[in-house]
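Shown next: coords_17.txt, containing compact mmCIF, C-alpha atoms.
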```txt
# COMPACT_ATOMS: atom_id res chain seq x y z
CA MET A 21 28.35 27.26 -1.50
CA LYS A 22 27.69 24.86 1.30
CA ARG A 23 24.86 26.82 2.77
CA GLU A 24 22.28 25.87 0.19
CA PRO A 25 22.13 22.16 0.97
CA GLU A 26 22.04 23.06 4.66
CA ASP A 27 19.01 25.26 4.06
CA LEU A 28 17.36 22.45 2.17
CA THR A 29 18.11 20.03 4.97
CA ARG A 30 16.67 22.47 7.49
CA TYR A 31 13.57 22.89 5.36
CA LEU A 32 13.11 19.12 5.08
CA ASN A 33 13.55 18.85 8.83
CA GLY A 34 10.78 21.38 9.31
CA GLU A 35 13.15 23.94 10.78
CA LEU A 36 12.89 26.43 7.92
CA PRO A 37 9.65 27.63 6.30
CA PHE A 38 9.32 27.25 2.56
CA ALA A 39 9.08 31.02 2.18
CA ASP A 40 12.54 31.43 3.74
CA LEU A 41 14.20 29.16 1.22
CA PRO A 42 16.37 30.86 -1.39
CA PRO A 43 14.41 30.90 -4.67
CA ALA A 44 17.02 28.67 -6.27
CA LEU A 45 16.26 25.95 -3.77
CA ARG A 46 12.49 26.07 -3.89
CA GLU A 47 12.19 23.93 -6.97
CA GLU A 48 14.58 21.42 -5.40
CA ALA A 49 12.50 21.43 -2.23
CA LEU A 50 9.36 20.70 -4.20
CA LYS A 51 11.12 17.83 -5.90
CA PHE A 52 12.03 16.36 -2.54
CA GLU A 53 8.49 16.77 -1.33
CA GLY A 54 7.46 14.79 -4.36
CA LEU A 55 10.07 12.21 -3.53
CA VAL A 56 8.83 11.92 0.02
CA ALA A 57 5.29 11.54 -1.22
CA ALA A 58 6.43 8.85 -3.63
CA LEU A 59 8.25 7.04 -0.86
CA ASP A 60 5.15 6.89 1.23
CA ARG A 61 4.06 3.33 1.02
CA GLU A 62 0.74 2.34 -0.32
CA PRO A 63 -1.56 1.72 2.64
CA ILE A 64 -1.34 -1.96 3.44
CA ARG A 65 -4.67 -3.64 3.75
CA LEU A 66 -5.17 -6.54 6.06
CA PRO A 67 -7.12 -9.35 4.48
CA SER A 68 -8.83 -11.90 6.63
CA LEU A 69 -6.89 -15.05 7.45
CA ARG A 70 -7.43 -17.77 4.96
CA SER A 71 -5.70 -20.98 4.14
CA GLY A 72 -5.40 -20.45 0.42
CA VAL A 73 -4.25 -17.21 -1.01
CA GLU A 74 -4.69 -15.94 -4.51
CA ALA A 75 -3.04 -12.85 -5.83
CA VAL A 76 -5.32 -10.90 -8.08
CA ILE A 77 -3.97 -8.32 -10.45
CA ARG A 78 -6.37 -5.75 -11.78
CA ALA A 79 -5.84 -5.22 -15.46
CA GLU A 80 -7.32 -3.66 -18.49
CA PRO A 81 -9.39 -6.05 -20.60
CA MET A 82 -7.12 -8.31 -22.63
CA PRO A 83 -7.91 -9.90 -25.97
CA ARG A 84 -9.26 -13.41 -25.62
CA TRP A 85 -6.41 -14.95 -27.62
CA GLN A 86 -3.87 -13.32 -25.29
CA ARG A 87 -5.57 -14.66 -22.17
CA LEU A 88 -5.61 -18.11 -23.70
CA TRP A 89 -1.94 -17.82 -24.66
CA ASP A 90 -1.04 -16.69 -21.11
CA TRP A 91 -2.94 -19.66 -19.78
CA PHE A 92 -0.87 -22.03 -21.91
CA ARG A 93 2.43 -20.43 -20.98
CA THR A 94 1.81 -20.64 -17.25
CA PRO A 95 2.78 -23.95 -15.60
CA ARG A 96 0.02 -25.60 -13.60
CA LEU A 97 0.56 -26.40 -9.97
CA SER A 98 -2.01 -29.12 -9.67
CA PRO A 99 -2.95 -31.34 -12.57
CA LEU A 100 -6.47 -31.83 -11.23
CA THR A 101 -7.08 -28.12 -10.84
CA ALA A 102 -5.48 -27.44 -14.19
CA SER A 103 -7.50 -30.12 -15.90
CA LEU A 104 -10.74 -28.80 -14.48
CA ALA A 105 -9.77 -25.25 -15.35
CA ALA A 106 -8.80 -26.30 -18.85
CA MET A 107 -12.07 -28.08 -19.44
CA ALA A 108 -14.04 -25.18 -18.01
CA GLY A 109 -11.98 -22.77 -20.09
CA ALA A 110 -12.49 -24.76 -23.28
CA LEU A 111 -16.21 -24.98 -22.68
CA ALA A 112 -16.45 -21.32 -21.88
CA TRP A 113 -14.48 -20.33 -24.94
CA LEU A 114 -16.46 -22.56 -27.22
CA MET A 115 -19.89 -21.73 -25.87
CA VAL A 116 -19.98 -18.32 -24.26
CA PRO A 117 -20.37 -15.50 -26.81
CA SER A 118 -17.89 -12.86 -25.72
CA PRO A 119 -17.21 -12.19 -22.08
CA ALA A 120 -15.28 -9.06 -21.24
CA PRO A 121 -13.70 -9.66 -17.84
CA ARG A 122 -12.03 -6.73 -16.14
CA VAL A 123 -10.01 -8.81 -13.68
CA VAL A 124 -7.36 -11.34 -14.60
CA PRO A 125 -6.81 -13.86 -11.83
CA VAL A 126 -3.35 -15.32 -11.55
CA SER A 127 -4.13 -17.96 -9.00
CA VAL A 128 -1.82 -20.49 -10.66
CA VAL A 129 1.14 -18.50 -9.41
CA SER A 130 -0.21 -17.58 -6.00
CA PRO A 131 2.36 -17.21 -3.24
CA VAL A 132 3.46 -20.32 -1.45
CA VAL A 133 2.26 -19.82 2.10
CA GLU A 134 1.57 -21.95 5.10
CA PRO A 135 -2.01 -21.87 6.30
CA GLN A 136 -2.53 -19.76 9.43
CA ILE A 137 0.19 -17.25 8.56
CA PRO A 138 -1.24 -13.72 8.46
CA LEU A 139 -1.12 -12.07 5.06
CA ARG A 140 -0.84 -8.48 3.98
CA THR A 141 -1.44 -7.00 0.57
CA ILE A 142 1.71 -5.42 -0.83
CA ARG A 143 1.77 -3.21 -3.88
CA PHE A 144 4.76 -3.55 -6.20
CA THR A 145 5.58 -0.88 -8.76
CA LEU A 146 8.30 -0.43 -11.35
CA GLU A 147 8.88 2.37 -13.78
CA ALA A 148 9.63 0.67 -17.09
CA PRO A 149 7.90 2.55 -19.90
CA GLY A 150 9.64 0.58 -22.64
CA ALA A 151 8.87 -2.85 -21.23
CA SER A 152 6.43 -5.28 -22.81
CA THR A 153 5.95 -7.39 -19.68
CA VAL A 154 6.95 -7.02 -16.05
CA VAL A 155 6.47 -9.67 -13.39
CA VAL A 156 7.47 -9.83 -9.76
CA THR A 157 8.85 -13.02 -8.30
CA GLY A 158 10.68 -14.03 -5.17
CA ASP A 159 11.01 -16.57 -2.42
CA PHE A 160 7.26 -16.27 -1.80
CA LEU A 161 6.74 -17.77 -5.28
CA GLU A 162 9.58 -20.27 -5.07
CA TRP A 163 11.30 -17.92 -7.53
CA ARG A 164 9.12 -19.06 -10.41
CA PRO A 165 10.31 -16.93 -13.33
CA GLU A 166 6.81 -16.50 -14.71
CA GLY A 167 6.06 -14.63 -11.46
CA ILE A 168 3.00 -12.51 -10.91
CA PRO A 169 2.39 -10.12 -13.80
CA LEU A 170 2.17 -6.40 -13.12
CA HIS A 171 -0.07 -4.23 -15.25
CA ARG A 172 0.90 -1.12 -17.11
CA LEU A 173 -0.42 2.22 -15.90
CA PRO A 174 -0.94 5.19 -18.22
CA THR A 175 2.14 6.81 -16.66
CA GLY A 176 4.40 4.04 -17.96
CA GLU A 177 4.69 2.57 -14.51
CA TRP A 178 3.89 -1.09 -13.88
CA ALA A 179 1.97 -2.09 -10.76
CA GLY A 180 0.39 -5.05 -9.06
CA GLU A 181 -0.66 -6.26 -5.65
CA VAL A 182 0.31 -9.50 -3.96
CA ASP A 183 -0.83 -10.97 -0.67
CA LEU A 184 2.29 -11.89 1.27
CA PRO A 185 2.78 -13.60 4.59
CA THR A 186 4.42 -11.59 7.34
CA GLY A 187 8.17 -12.00 7.55
CA VAL A 188 11.27 -11.37 5.46
CA HIS A 189 11.07 -11.74 1.67
CA HIS A 190 13.59 -11.50 -1.15
CA TYR A 191 12.24 -10.56 -4.55
CA ALA A 192 13.06 -9.12 -7.97
CA PHE A 193 11.29 -7.98 -11.12
CA VAL A 194 11.68 -9.74 -14.45
CA VAL A 195 11.32 -7.40 -17.40
CA ASP A 196 10.38 -8.80 -20.81
CA GLY A 197 10.96 -12.31 -19.51
CA ARG A 198 14.73 -12.03 -19.41
CA GLU A 199 16.06 -9.03 -17.50
CA TRP A 200 16.24 -9.34 -13.71
CA VAL A 201 15.78 -5.96 -12.08
CA THR A 202 16.23 -4.96 -8.46
CA ASP A 203 13.38 -2.79 -7.19
CA PRO A 204 14.72 0.79 -7.29
CA ALA A 205 12.08 1.82 -4.76
CA ALA A 206 13.15 -0.75 -2.18
CA SER A 207 15.24 0.69 0.60
CA SER A 208 16.84 -2.69 1.30
CA ARG A 209 18.97 -4.82 -0.99
CA VAL A 210 20.96 -7.92 -0.35
CA ASP A 211 23.60 -9.83 -2.28
CA ASP A 212 21.92 -12.74 -4.04
CA GLY A 213 25.00 -14.96 -3.94
CA PHE A 214 25.11 -15.06 -7.74
CA GLY A 215 26.82 -11.74 -8.34
CA HIS A 216 23.72 -9.56 -8.29
CA GLU A 217 21.30 -8.21 -5.70
CA ASN A 218 17.75 -8.93 -4.62
CA SER A 219 15.36 -6.47 -3.06
CA LEU A 220 14.49 -7.20 0.52
CA LEU A 221 11.09 -6.65 2.03
CA VAL A 222 9.93 -7.08 5.60
CA VAL A 223 6.19 -7.55 5.88
CA PRO A 224 5.35 -6.55 9.43
CA ALA A 225 2.46 -7.85 11.46
CA ALA A 226 -0.73 -5.99 10.72
CA ALA A 227 -1.32 -4.15 13.96
CA PRO A 228 1.19 -1.51 15.00
CA VAL A 229 3.57 -3.22 17.34
CA LEU A 230 3.90 -1.46 20.64
CA LEU A 231 7.23 -2.23 22.10
CA PRO A 232 7.88 -3.17 25.69
CA SER A 233 8.69 0.28 26.98
CA ALA A 234 5.50 1.65 25.46
CA THR A 235 3.33 -0.72 27.40
CA SER A 236 5.16 -0.44 30.68
CA MET B 22 -9.69 -23.48 -35.32
CA ARG B 23 -11.71 -24.25 -32.23
CA SER B 24 -10.86 -27.92 -32.55
CA LEU B 25 -7.20 -27.10 -32.71
CA LEU B 26 -7.49 -24.99 -29.59
CA SER B 27 -9.41 -27.71 -27.80
CA LEU B 28 -6.68 -30.16 -28.76
CA ALA B 29 -4.06 -27.78 -27.51
CA LEU B 30 -5.92 -27.51 -24.22
CA LEU B 31 -5.88 -31.27 -23.88
CA VAL B 32 -2.15 -31.35 -24.63
CA GLY B 33 -1.66 -28.74 -21.94
CA MET B 34 -3.62 -30.86 -19.48
CA THR B 35 -1.48 -33.90 -20.28
CA SER B 36 1.80 -32.10 -19.80
CA THR B 37 0.56 -30.76 -16.50
CA ALA B 38 -0.11 -34.21 -15.17
CA GLY B 39 3.56 -35.07 -15.52
CA ALA B 40 4.45 -32.65 -12.77
CA GLN B 41 2.30 -34.41 -10.19
CA GLY B 42 4.08 -35.30 -6.97
CA VAL B 43 7.44 -33.82 -8.00
CA SER B 44 9.10 -31.42 -5.58
CA PRO B 45 9.96 -27.97 -6.97
CA LEU B 46 13.66 -28.74 -6.59
CA ALA B 47 13.40 -32.02 -8.52
CA ALA B 48 11.24 -30.37 -11.16
CA ARG B 49 13.53 -27.44 -11.78
CA LEU B 50 17.07 -28.65 -11.14
CA ASP B 51 19.00 -31.21 -13.10
CA ALA B 52 19.79 -34.50 -11.39
CA VAL B 53 23.50 -33.75 -10.91
CA THR B 54 22.83 -30.42 -9.20
CA LEU B 55 20.10 -31.94 -7.09
CA GLN B 56 22.43 -34.71 -5.98
CA ALA B 57 25.20 -32.23 -5.18
CA LEU B 58 22.83 -30.16 -3.05
CA THR B 59 21.65 -33.08 -0.93
CA PRO B 60 24.47 -33.02 1.68
CA ALA B 61 24.02 -29.30 2.34
CA LEU B 62 20.26 -29.65 2.70
CA GLU B 63 20.57 -32.67 4.97
CA ALA B 64 23.12 -30.93 7.17
CA ALA B 65 20.84 -27.91 7.41
CA ARG B 66 17.92 -30.11 8.43
CA ARG B 67 20.10 -31.78 11.08
CA ASP B 68 21.15 -28.40 12.48
CA SER B 69 17.58 -27.02 12.56
CA LEU B 70 18.39 -24.35 10.00
CA PRO B 71 15.64 -22.90 7.80
CA VAL B 72 15.94 -25.40 4.96
CA ARG B 73 13.29 -23.59 2.94
CA ALA B 74 15.67 -20.63 2.61
CA LEU B 75 18.30 -22.90 1.09
CA GLU B 76 15.78 -24.50 -1.22
CA ALA B 77 14.61 -21.04 -2.26
CA LYS B 78 18.21 -20.08 -3.05
CA ALA B 79 18.58 -23.13 -5.29
CA LEU B 80 15.30 -22.34 -7.05
CA GLU B 81 16.37 -18.74 -7.44
CA GLY B 82 19.57 -19.90 -9.11
CA SER B 83 17.56 -22.10 -11.44
CA ALA B 84 15.21 -19.23 -12.32
CA LYS B 85 18.17 -16.98 -13.04
CA GLN B 86 19.72 -19.70 -15.20
CA ILE B 87 22.82 -19.94 -13.04
CA PRO B 88 25.03 -22.99 -13.78
CA GLY B 89 24.52 -25.92 -11.41
CA PRO B 90 27.94 -25.84 -9.70
CA GLN B 91 27.49 -22.15 -8.91
CA ILE B 92 24.06 -22.86 -7.42
CA VAL B 93 25.58 -25.54 -5.21
CA ARG B 94 28.31 -23.18 -4.03
CA ALA B 95 25.77 -20.45 -3.24
CA VAL B 96 23.60 -22.86 -1.26
CA GLU B 97 26.59 -24.24 0.67
CA ARG B 98 27.78 -20.74 1.48
CA MET B 99 24.33 -19.74 2.61
CA GLY B 100 24.17 -22.83 4.81
CA GLY B 101 27.30 -21.59 6.57
CA GLU B 102 25.83 -18.12 6.94
CA LEU B 103 22.58 -19.45 8.39
CA ARG B 104 24.51 -21.64 10.81
CA GLU B 105 26.53 -18.67 12.04
CA ALA B 106 23.47 -16.42 12.29
CA ARG B 107 21.55 -19.02 14.26
CA LEU B 108 24.35 -19.11 16.84
CA LEU B 109 24.34 -15.33 17.05
CA VAL B 110 20.63 -14.93 17.65
CA MET B 111 20.12 -17.95 19.88
CA SER B 112 18.96 -16.86 23.30
CA PRO B 113 21.37 -17.31 26.24
CA GLY B 114 19.04 -20.02 27.55
CA GLY B 115 19.49 -21.94 24.32
CA ALA B 116 15.90 -21.60 23.09
CA ALA B 117 15.65 -22.12 19.36
CA PRO B 118 15.28 -18.87 17.41
CA SER B 119 12.59 -18.53 14.77
CA ASP B 120 13.51 -19.28 11.18
CA GLU B 121 12.54 -15.73 10.25
CA LEU B 122 14.97 -14.24 12.75
CA VAL B 123 17.78 -16.50 11.55
CA ILE B 124 17.11 -15.42 7.96
CA ALA B 125 16.94 -11.74 8.93
CA ALA B 126 20.21 -12.04 10.83
CA THR B 127 21.82 -13.77 7.86
CA ASP B 128 20.74 -10.92 5.61
CA ALA B 129 22.10 -8.37 8.07
CA ARG B 130 25.48 -10.13 8.17
CA ARG B 131 25.51 -10.33 4.38
CA ARG B 132 24.85 -6.59 4.26
CA GLY B 133 27.89 -5.85 6.38
CA VAL B 134 26.55 -5.72 9.93
CA PRO B 135 29.18 -7.15 12.28
CA ALA B 136 28.30 -10.22 14.35
CA ASN B 137 28.39 -8.25 17.62
CA GLU B 138 25.67 -5.86 16.50
CA VAL B 139 23.49 -8.63 15.11
CA ALA B 140 23.72 -10.53 18.38
CA ALA B 141 23.11 -7.42 20.48
CA LEU B 142 19.97 -6.52 18.53
CA ALA B 143 18.68 -10.09 18.63
CA HIS B 144 18.89 -10.07 22.41
CA THR B 145 16.83 -6.95 22.95
CA SER B 146 13.39 -7.55 24.37
CA ALA B 147 11.55 -6.38 21.25
CA PRO B 148 8.77 -8.65 20.01
CA GLY B 149 9.42 -10.81 16.96
CA GLY B 150 7.80 -8.64 14.31
CA ALA B 151 9.60 -5.53 15.45
CA LEU B 152 12.86 -7.43 15.70
CA LEU B 153 12.68 -8.55 12.07
CA MET B 154 12.11 -4.98 10.94
CA ALA B 155 14.84 -3.70 13.26
CA MET B 156 17.29 -6.24 11.85
CA ALA B 157 16.48 -5.14 8.29
CA VAL B 158 16.79 -1.46 9.19
CA LEU B 159 20.11 -2.10 10.92
CA GLY B 160 21.33 -3.56 7.63
CA ASP B 161 19.90 -0.55 5.76
CA LEU B 162 21.80 1.90 7.92
CA VAL B 163 25.10 0.03 7.75
CA GLN B 164 24.72 -0.33 3.98
CA ARG B 165 24.30 3.46 3.82
CA GLY B 166 27.62 3.99 5.55
CA VAL B 167 26.55 4.47 9.17
CA PRO B 168 29.06 2.85 11.56
CA ALA B 169 27.52 -0.31 12.97
CA GLY B 170 27.64 0.90 16.58
CA ASN B 171 25.79 4.09 15.72
CA ALA B 172 23.27 2.21 13.64
CA LEU B 173 22.59 -0.22 16.46
CA ALA B 174 22.24 2.62 18.96
CA ALA B 175 19.72 4.41 16.73
CA VAL B 176 17.64 1.31 16.09
CA THR B 177 17.54 0.16 19.70
CA THR B 178 16.70 3.65 20.91
CA ILE B 179 13.73 3.79 18.57
CA LEU B 180 12.68 0.34 19.73
CA GLU B 181 12.88 1.38 23.36
CA SER B 182 11.01 4.63 22.73
CA GLY B 183 7.78 2.76 22.15
CA ALA B 184 7.65 3.54 18.45
CA THR B 185 5.73 1.49 15.94
CA VAL B 186 7.27 -0.81 13.38
CA GLU B 187 6.32 1.72 10.73
CA ALA B 188 8.40 4.40 12.44
CA LEU B 189 11.38 2.09 12.13
CA SER B 190 10.73 1.13 8.55
CA ASP B 191 10.56 4.77 7.44
CA LEU B 192 14.03 5.49 8.76
CA PRO B 193 16.10 4.54 5.66
CA ALA B 194 13.88 6.56 3.31
CA ARG B 195 14.13 9.60 5.58
CA MET B 196 17.86 9.16 5.72
CA ASP B 197 18.08 8.97 1.92
CA ILE B 198 16.58 12.44 1.63
CA ALA B 199 19.38 13.93 3.69
CA LEU B 200 22.00 11.84 1.90
CA ARG B 201 20.81 13.19 -1.42
CA VAL B 202 21.53 16.75 -0.37
CA GLY B 203 25.05 15.87 0.61
CA ALA B 204 24.79 15.03 4.29
CA SER B 205 27.23 12.52 5.73
CA PRO B 206 25.75 9.17 6.79
CA ILE B 207 25.96 10.13 10.46
CA ASP B 208 24.31 13.52 9.85
CA ALA B 209 21.67 11.92 7.68
CA LEU B 210 20.90 9.43 10.43
CA GLY B 211 20.67 12.29 12.94
CA SER B 212 18.29 14.11 10.64
CA ALA B 213 16.18 11.02 10.04
CA THR B 214 15.90 10.10 13.70
CA ARG B 215 15.15 13.59 14.98
CA GLY B 216 11.88 13.50 16.82
CA ARG B 217 11.64 9.73 16.55
CA GLY B 218 13.02 8.82 19.93
CA ALA B 219 16.53 8.10 18.82
CA ARG B 220 19.52 9.95 20.19
CA PRO B 221 21.53 11.85 17.61
CA ALA B 222 24.18 9.54 16.26
CA GLN B 223 27.52 9.90 18.00
CA ALA B 224 30.75 8.18 17.33
CA GLY B 225 31.66 5.57 19.86
CA PRO B 226 32.01 1.90 20.45
CA PRO B 227 28.91 -0.22 20.03
CA PRO B 228 27.37 -1.87 23.06
CA ALA B 229 28.97 -5.30 23.13
CA PRO B 230 26.72 -8.22 23.95
CA PRO B 231 28.07 -10.54 26.58
CA GLY B 232 29.96 -13.56 25.37
CA ARG B 233 29.72 -12.81 21.65
CA SER B 234 32.56 -12.64 19.23
CA ASP B 235 32.64 -11.04 15.82
CA LYS B 236 34.44 -14.07 14.49
CA ALA B 237 31.78 -16.65 14.67
CA PRO B 238 32.26 -19.97 12.91
CA GLY B 239 31.36 -19.87 9.26
CA SER B 240 31.39 -16.11 9.03
CA ARG B 241 31.71 -14.78 5.54
CA LYS B 242 34.18 -12.15 4.55
CA LYS B 243 32.68 -9.32 2.56
```
Hey, can you dump this file as structure tokens for me?
Amino acid sequence: MKREPEDLTRYLNGELPFADLPPALREEALKFEGLVAALDREPIRLPSLRSGVEAVIRAEPMPRWQRLWDWFRTPRLSPLTASLAAMAGALAWLMVPSPAPRVVPVSVVSPVVEPQIPLRTIRFTLEAPGASTVVVTGDFLEWRPEGIPLHRLPTGEWAGEVDLPTGVHHYAFVVDGREWVTDPAASSRVDDGFGHENSLLVVPAAAPVLLPSATS
Amino acid sequence: MRSLLSLALLVGMTSTAGAQGVSPLAARLDAVTLQALTPALEAARRDSLPVRALEAKALEGSAKQIPGPQIVRAVERMGGELREARLLVMSPGGAAPSDELVIAATDARRRGVPANEVAALAHTSAPGGALLMAMAVLGDLVQRGVPAGNALAAVTTILESGATVEALSDLPARMDIALRVGASPIDALGSATRGRGARPAQAGPPPAPPGRSDKAPGSRKK
């Protein structure tokens, strides 16, 4: 009875060829291969250093009324910027026939970062087929509940990319504006001090870090 | 219809202006909570703790609609944890540790890593970025049931082997695969570290850093 998991472990360790697996375990092995593939992180791209960072979520075209409604619901960070954006938005809406943008910028909720801190683009995903909205928020957004919206993929998964500074970050998803969800794909979790958990993410420096013994 | 929308836009602009010059804490916490938080934040500033982490905790509580008194308690508790972690990771020469390292050490303690192991890892010669990842992975391993001494040994061995940060960060996911097929935490760690420079996990006492105690001031019981 105990041999089967051992065979599977040996297969996953590369010590046993797939062909030598008992037929009953082959399907399980394929599932684990799928799991390993899913655990492989999205390649992290290194953007150039810049003082202001804006997270951009790619999304399907949204109806104009919905974009306008999202604009109203999202608090402004700077009254000057917001005023200018509002005026530009009003003019555009009133005068431009019917633009069909394919990218929805969410600069009003861009991460709070010090200038000069290197950034890396991190992809967040959550499987929530029944959700109407999913956003990611965390200490990098001063825990603003409106967060950065993820977009729905045809698979029912929600995904979005955020430029984050290197370092340690705590984050969570908010589903349908009310349910706080820990990232099931995150390998690290930490008590949030309020009776629940946050996901923990370490954004490493861009270049592979060679440690002292490797350079000596 | 367009006029109404234009009016609404103007209303939106007006309400935005009200937020000018207000700190996030003042904008999102009620006055009583804000007042109650002030001593903890001032003490943290005095002790060179990462105040932004405490402010973030308060904002997190606000976002999660936690009652004010509970937010204050969480921030005060975190202040104690940061204070303890800072002592643990401070270099023997007394040089101030980075805020990031203090926060990473606080997380590790919160995740069940004993003070000795946190201090021992902090005093390895790994560069800052690798150390942050190593601290997180140490917490991952302990949270998965690996004895702290074995977890520390595995992480430091990988660090010393000249591996990349990515090799470290993959460790918990690799371990999870073995755990899912019924391996014990120690066996899963052995499986995950095979070929990655780490010695197979063996039971034994952790390497104790000089002059460090597991009962540091302000330590939090889990």
Using only C-alpha atoms, what does the table of chain B residues within 7 Å of chain A look like, with each row giving the shortest atom pair and its distance in Å to one decimal, sorted by chain and ascending number, as a Markdown table?
```
| residue | atom | partner | partner_atom | distance |
| --- | --- | --- | --- | --- |
| B:Ser27 | CA | A:Ala110 | CA | 6.2 |
| B:Leu30 | CA | A:Ala106 | CA | 6.2 |
| B:Gly33 | CA | A:Phe92 | CA | 6.8 |
| B:Met34 | CA | A:Ser103 | CA | 5.3 |
| B:Thr37 | CA | A:Pro99 | CA | 5.3 |
| B:Ala38 | CA | A:Pro99 | CA | 4.8 |
| B:Gln41 | CA | A:Pro99 | CA | 6.5 |
| B:Ala77 | CA | A:Asp159 | CA | 5.7 |
| B:Leu80 | CA | A:Trp163 | CA | 6.0 |
| B:Glu81 | CA | A:Trp163 | CA | 5.1 |
| B:Ala84 | CA | A:Pro165 | CA | 5.5 |
| B:Ala95 | CA | A:Gly213 | CA | 5.6 |
| B:Glu121 | CA | A:Gly187 | CA | 6.3 |
| B:Ala125 | CA | A:Val188 | CA | 6.7 |
| B:Asp128 | CA | A:Val210 | CA | 6.7 |
| B:Arg131 | CA | A:Asp211 | CA | 6.9 |
| B:Arg132 | CA | A:Val210 | CA | 6.2 |
| B:Ala147 | CA | A:Leu231 | CA | 6.1 |
| B:Pro148 | CA | A:Leu231 | CA | 6.9 |
| B:Gly150 | CA | A:Pro224 | CA | 5.8 |
| B:Ala151 | CA | A:Val229 | CA | 6.7 |
| B:Met154 | CA | A:Val222 | CA | 6.1 |
| B:Asp161 | CA | A:Ser208 | CA | 5.8 |
| B:Leu180 | CA | A:Leu231 | CA | 6.5 |
| B:Glu181 | CA | A:Ser233 | CA | 5.6 |
| B:Ser182 | CA | A:Ser233 | CA | 6.5 |
| B:Gly183 | CA | A:Ala234 | CA | 4.2 |
| B:Ala184 | CA | A:Leu230 | CA | 6.6 |
| B:Thr185 | CA | A:Val229 | CA | 5.4 |
| B:Val186 | CA | A:Val229 | CA | 5.9 |
| B:Pro193 | CA | A:Ser207 | CA | 6.4 |
| B:Ala194 | CA | A:Ser207 | CA | 6.6 |
| B:Ala199 | CA | A:Thr29 | CA | 6.4 |
| B:Val202 | CA | A:Pro25 | CA | 5.6 |
| B:Gly203 | CA | A:Pro25 | CA | 6.9 |
| B:Ser212 | CA | A:Asn33 | CA | 6.9 |
```
(request) Between atom CA of A:Leu139 and atom CA of B:Leu122, measure the distance and give it in Å to one decimal. (result) 18.0 Å
(request) Kindly give the distance, in Å, that separates atom CA of B:Ala117 and atom CA of B:Ala174, rounded to a single decimal. (result)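 Those two atoms sit 25.6 Å apart.
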(request) Just give me the gap between atom CA of B:Ala172 and atom CA of B:Gly101 in Å, one decimal is fine. (result) 25.2 Å
(request) Rank nothing, just name the residue among B:Ser112, B:Gln91, B:Thr214, B:Gln86 nearest to B:Leu58, using only C-alpha atoms. (result)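 Distance minimum relative to B:Leu58 lands on B:Gln91.
Of the listed residues A:Val201, A:Ser219, A:Phe193, A:Val182, the one whose atoms come nearest to A:Arg140 is A:Val182, with distances taken using only C-alpha atoms.
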(request) Determine, counting all atoms listed in the file, every residue of protein, DNA or RNA that lies within 12 Å of (10.0, -30.9, -4.0) in the file coordinates, then give the result as a PyMOL selection string. (result) (chain A and resi 162) or (chain B and resi 40-50+55+73+76-77+79-80)
